[in-house]
Structure formats: C-alpha cells, structure tokens
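Undergrad: Sharing a structure below in structure tokens format, with a few things to ask.
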Amino acid sequence: MTTSRMPALFLGHGSPMNVLEENDYTTAWRELGKTLPRPKAIVAVSAHWYTRGTFVTAMEQPRTIHDFGGFPQALFDTQYPAPGSPELARRVQELLAPEMVHLDTSEWGLDHGTWGVLIKMYPDADIPVIQLSIDGTQPAAYHYELGKKLAALRDEGVMIVASGNVVHNLRMVKWQGEAEPYPWAFSFDNFVRENLAYKGENHPLVNFMQHEGAELSNPSPEHFLPLLYVLGAWNGEEPISVPVDGIVMASLSMLSVVVG
C-alpha cells in the first residue's frame with residue numbers, strides 16, 4: 001500500500017530526439033525517476049493526443065506510437081512496452097464522469113509526448129501507464145477543472161505526468177546554432193514560472209492568452225494545456241519546483257514543473 005502522496009509533473013518534452021540524446025533536460029527527467037516516490041501507475045496527459053471529446057486508453061498493452069517524421073531510424077525502432085491498466089482507465093472515467101470519458105481499447109496507445117519522457121524516467125517500462133486525451137473543443141478552464149478531479153488519484157499511488165511545452169512555436173524555430181530566445185518567448189516562459197503557485201480566483205495561467213506573448217508562444221494551445229492538469233491537481237499548500245528550464249531553438253520552452 002502506497003502511503004505517500006504521489007507528485008504531479010509537467011515535463012517540457014521538446015524534440016523527439018531527446019529520446020536518443022543526453023542533455024540537461026533528459027538528465028533532469030532521469031533524476032526525477034530516481035528520486036521521486038515510485039508510483040504504482042501513471043496517468044499521462046500528452047499534447048499529442050488532441051481530440052474531440054475526452055478519451056482514456058484502456059488496453060492491456062498500449063502500443064508505442066511514433067507520431068513524427070524525418071528522424072533517424074533508431075527513433076522509430078525504439079519501443080516503450082509499458083503495460084496499460086484498464087482498471088485505472090475505468091477509475092479515471094469514474095472520477096471525470098462516466099458519460100463524458102470514452103474508453104479507448106484499440107485506437108491509441110502511448111505517443112511520443114508520453115513515452116519520450118517516461119523512457120528517461122522509467123527506462124524499464126515496468127510501471128502501468130494510461131493516457132488521457134485533451135479535448136480540443138473545451139476552454140482552458142475545463143482542463144484545469146479536470147486536473148482538480150484527477151488529484152484524488154495522487155492519494156491512490158498514481159502519478160500524473162503531463163507533457164507539452166509552455167512555449168511552442170515551430171514556425172519560428174531557429175534550427176541552426178545556439179539561438180537566443182525571442183523576447184516574447186522569454187517573457188511568456190517567465191510569466192508561467194512566476195504564476196505557478198498562484199492562489200485565488202481567475203488563475204493567470206488559466207487565462208494565459210491574456211499575456212502579450214501568448215499568441216506567439218502558443219499559436220495553438222495543445223502544448224500548453226497539459227500544464228493545467230498538473231496545476232489543477234495542486235492542493236494549494238504543497239511545494240512547487242522547477243527542476244529544469246530553458247528555451248531551445250529560440251521558441252521552444254523546456255520548462256518542467258513538479259507539484260508535491
């Protein structure tokens with residue numbers, strides 16, 4: 001029986017190449033896997049499962065999805081054979097409302113937003129993982145409220161691991177060299193950091209599009225929204241830490257956040 005409350009994590013996953021590379025970000029993820037309490041299961045929320053409606057994987061053996069192109073064959077050859085958990089999927093369905101959440105027994109699996117970070121944290125792939133989709137038809141406040149409902153899982157030995165990037169503008173990426181962050185990217189990244197532990201109504205990070213750099217930092221919201229699940233799962237008193245941060249290729253934030 002797990003007695004400690006599991007943390008909730010948001011990991012800035014960046015390029016799929018982080019799977020094959022070792023850098024400051026992958027080192028931080030690996031260290032989290034070594035130092036945080038070991039969960040009995042993981043609920044993952046990835047920017048790369050953006051749907052109409054809310055779905056949760058409910059198969060015994062979710063497939064490893066290589067949802068990218070133009071990368072080395074070694075990346076496509078990489079598998080992350082973590083087991084699934086139909087039981088946990090039904091528990092998530094129960095918490096979020098059975099009529100709202102659809103069990104997916106065959107279509108999805110674990111996309112690179114999920115397995116790309118977990119392969120560093122838990123390379124043995126021996127912890128059950130289910131993935132929750134992001135309903136792209138719903139506003140930011142909806143995802144924050146779902147995080148509040150998922151918080152109960154943290155007292156049941158389940159870790160929430162959300163994956164995205166709080167600044168994610170691929171159209172303006174500078175591919176060559178050590179590019180300086182765009183001022184708007186740097187400003188928005190700081191805005192997120194400064195408001196992680198906000199208490200009160202009208203959370204600035206739920207209303208993130210009001211920031212002057214938000215539109216360029218998030219031309220579409222799917223990479224930002226996973227953070228709201230983690231912030232929603234915060235009880236208002238636990239420590240919130242940033243194990244690693246940085247902006248790569250001028251317009252991609254690698255900020256990671258640990259609640260608890």
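Residue numbers start at 1 in each chain; chains themselves are named A, B, ... in the order of the structure tokens; ligands are numbered from 1 in the order shown.
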Report as JSON lines: every residue of region 84-198 of chain A with an atom at most 9 Å from region 56-67 of chain A, its closest pair of atoms, and their distance in Å to one decimal, counting only C-alpha atoms, with rows sorted by chain and ascending residue number.
TA:
```
{"residue": "A:Gly84", "atom": "CA", "partner": "A:Glu60", "partner_atom": "CA", "distance": 4.6}
{"residue": "A:Ser85", "atom": "CA", "partner": "A:Glu60", "partner_atom": "CA", "distance": 5.9}
{"residue": "A:Pro86", "atom": "CA", "partner": "A:Ala58", "partner_atom": "CA", "distance": 4.3}
{"residue": "A:Glu87", "atom": "CA", "partner": "A:Ala58", "partner_atom": "CA", "distance": 7.8}
{"residue": "A:Leu88", "atom": "CA", "partner": "A:Ala58", "partner_atom": "CA", "distance": 8.0}
{"residue": "A:Ala89", "atom": "CA", "partner": "A:Ala58", "partner_atom": "CA", "distance": 5.4}
{"residue": "A:Arg90", "atom": "CA", "partner": "A:Ala58", "partner_atom": "CA", "distance": 7.7}
{"residue": "A:Val92", "atom": "CA", "partner": "A:Val56", "partner_atom": "CA", "distance": 7.9}
{"residue": "A:Gln93", "atom": "CA", "partner": "A:Val56", "partner_atom": "CA", "distance": 7.8}
{"residue": "A:Val101", "atom": "CA", "partner": "A:Val56", "partner_atom": "CA", "distance": 7.1}
{"residue": "A:His102", "atom": "CA", "partner": "A:Val56", "partner_atom": "CA", "distance": 6.4}
{"residue": "A:Leu103", "atom": "CA", "partner": "A:Val56", "partner_atom": "CA", "distance": 5.3}
{"residue": "A:Asp104", "atom": "CA", "partner": "A:Thr57", "partner_atom": "CA", "distance": 4.7}
{"residue": "A:Thr105", "atom": "CA", "partner": "A:Met59", "partner_atom": "CA", "distance": 4.8}
{"residue": "A:Ser106", "atom": "CA", "partner": "A:Met59", "partner_atom": "CA", "distance": 6.7}
{"residue": "A:Glu107", "atom": "CA", "partner": "A:Thr57", "partner_atom": "CA", "distance": 8.4}
{"residue": "A:Trp108", "atom": "CA", "partner": "A:Thr57", "partner_atom": "CA", "distance": 6.8}
{"residue": "A:Gly109", "atom": "CA", "partner": "A:Pro62", "partner_atom": "CA", "distance": 4.4}
{"residue": "A:Leu110", "atom": "CA", "partner": "A:Thr64", "partner_atom": "CA", "distance": 5.3}
{"residue": "A:Asp111", "atom": "CA", "partner": "A:Ile65", "partner_atom": "CA", "distance": 4.6}
{"residue": "A:His112", "atom": "CA", "partner": "A:His66", "partner_atom": "CA", "distance": 6.3}
{"residue": "A:Trp115", "atom": "CA", "partner": "A:Thr64", "partner_atom": "CA", "distance": 7.5}
{"residue": "A:Val129", "atom": "CA", "partner": "A:Pro62", "partner_atom": "CA", "distance": 8.3}
{"residue": "A:Ile130", "atom": "CA", "partner": "A:Thr57", "partner_atom": "CA", "distance": 5.5}
{"residue": "A:Gln131", "atom": "CA", "partner": "A:Thr57", "partner_atom": "CA", "distance": 5.4}
{"residue": "A:Leu132", "atom": "CA", "partner": "A:Val56", "partner_atom": "CA", "distance": 4.5}
{"residue": "A:Ser133", "atom": "CA", "partner": "A:Val56", "partner_atom": "CA", "distance": 6.2}
```
Undergrad: I'd like to know which residues of region 62-183 of chain A are alpha helix (DSSP H) (by DSSP, run on the backbone); could you write them as a VMD selection string?
TA: chain A and resid 73 to 77 86 to 96 112 to 121 140 to 150 183
Undergrad: Which residue out of A:Gly70, A:Ser241, A:Pro39, A:Ile160 has the minimum interatomic distance to Gly147 (chain A) when only C-alpha atoms are used?
TA: A:Ile160
Undergrad: So which residues touch Glu238 (chain A) within 9 Å, counting only C-alpha atoms, skipping near sequence neighbours fewer than 3 positions away, as JSON, numbers by chain?
TA: {"A": [234, 235, 259, 260]}
Undergrad: Restrict the selected residues to N, CA, C and O atoms and save them as a PDB file, in the first residue's frame.
TA:
```pdb
ATOM      1  N   TRP A 234      -2.900  20.500  -7.792  1.00  0.00           N
ATOM      2  CA  TRP A 234      -2.208  21.083  -6.636  1.00  0.00           C
ATOM      3  C   TRP A 234      -3.200  21.398  -5.530  1.00  0.00           C
ATOM      4  O   TRP A 234      -4.306  21.880  -5.785  1.00  0.00           O
ATOM      5  N   ASN A 235      -2.804  21.131  -4.276  1.00  0.00           N
ATOM      6  CA  ASN A 235      -3.716  21.383  -3.161  1.00  0.00           C
ATOM      7  C   ASN A 235      -3.576  22.787  -2.584  1.00  0.00           C
ATOM      8  O   ASN A 235      -4.236  23.122  -1.592  1.00  0.00           O
ATOM      9  N   VAL A 259       4.858  19.263  -8.812  1.00  0.00           N
ATOM     10  CA  VAL A 259       3.955  19.635  -7.717  1.00  0.00           C
ATOM     11  C   VAL A 259       4.042  18.543  -6.666  1.00  0.00           C
ATOM     12  O   VAL A 259       3.828  17.368  -6.968  1.00  0.00           O
ATOM     13  N   GLY A 260       4.362  18.911  -5.430  1.00  0.00           N
ATOM     14  CA  GLY A 260       4.482  17.942  -4.359  1.00  0.00           C
ATOM     15  C   GLY A 260       5.886  17.420  -4.207  1.00  0.00           C
ATOM     16  O   GLY A 260       6.789  17.783  -4.976  1.00  0.00           O
TER      17      GLY A 260
END
```
Undergrad: Sort by chain and increasing residue number a table of all residues of region 116-162 of chain A within 9 Å of region 220-228 of chain A, each with its closest pair of atoms and their distance in Å to one decimal, counting only C-alpha atoms, and write it as a Markdown table.
TA:
```
| residue | atom | partner | partner_atom | distance |
| --- | --- | --- | --- | --- |
| A:Ile134 | CA | A:Glu222 | CA | 7.6 |
| A:Gly136 | CA | A:Glu222 | CA | 7.4 |
| A:Ala140 | CA | A:Leu225 | CA | 6.7 |
| A:Ala141 | CA | A:Leu228 | CA | 8.3 |
| A:His143 | CA | A:Leu228 | CA | 6.1 |
| A:Tyr144 | CA | A:Leu228 | CA | 4.8 |
| A:Glu145 | CA | A:Leu228 | CA | 8.4 |
| A:Leu146 | CA | A:Leu228 | CA | 8.7 |
| A:Gly147 | CA | A:Leu228 | CA | 6.8 |
| A:Val161 | CA | A:Pro226 | CA | 8.9 |
| A:Ala162 | CA | A:Pro226 | CA | 5.3 |
```
Undergrad: Do a neighbour search on Met6 (chain A) at 10 Å with only C-alpha atoms, toss out local chain neighbours closer than 3 positions, and write the hits as a PyMOL selection string.
TA: chain A and resi 2-3+9+36-40+42+151+153-160+259-260
Undergrad: Calculated over only C-alpha atoms, which of the candidates A:Phe55, A:Trp175, A:Ala233, A:Glu215 has the smallest distance to Arg5 (chain A)?
TA: A:Ala233
Undergrad: Extract, using only C-alpha atoms, all DNA, RNA and protein residues at most 7 Å from Met249 (chain A), discarding same-chain residues fewer than 3 positions from it, and format them as number ranges by chain.
TA: A: 173-175, 179, 252
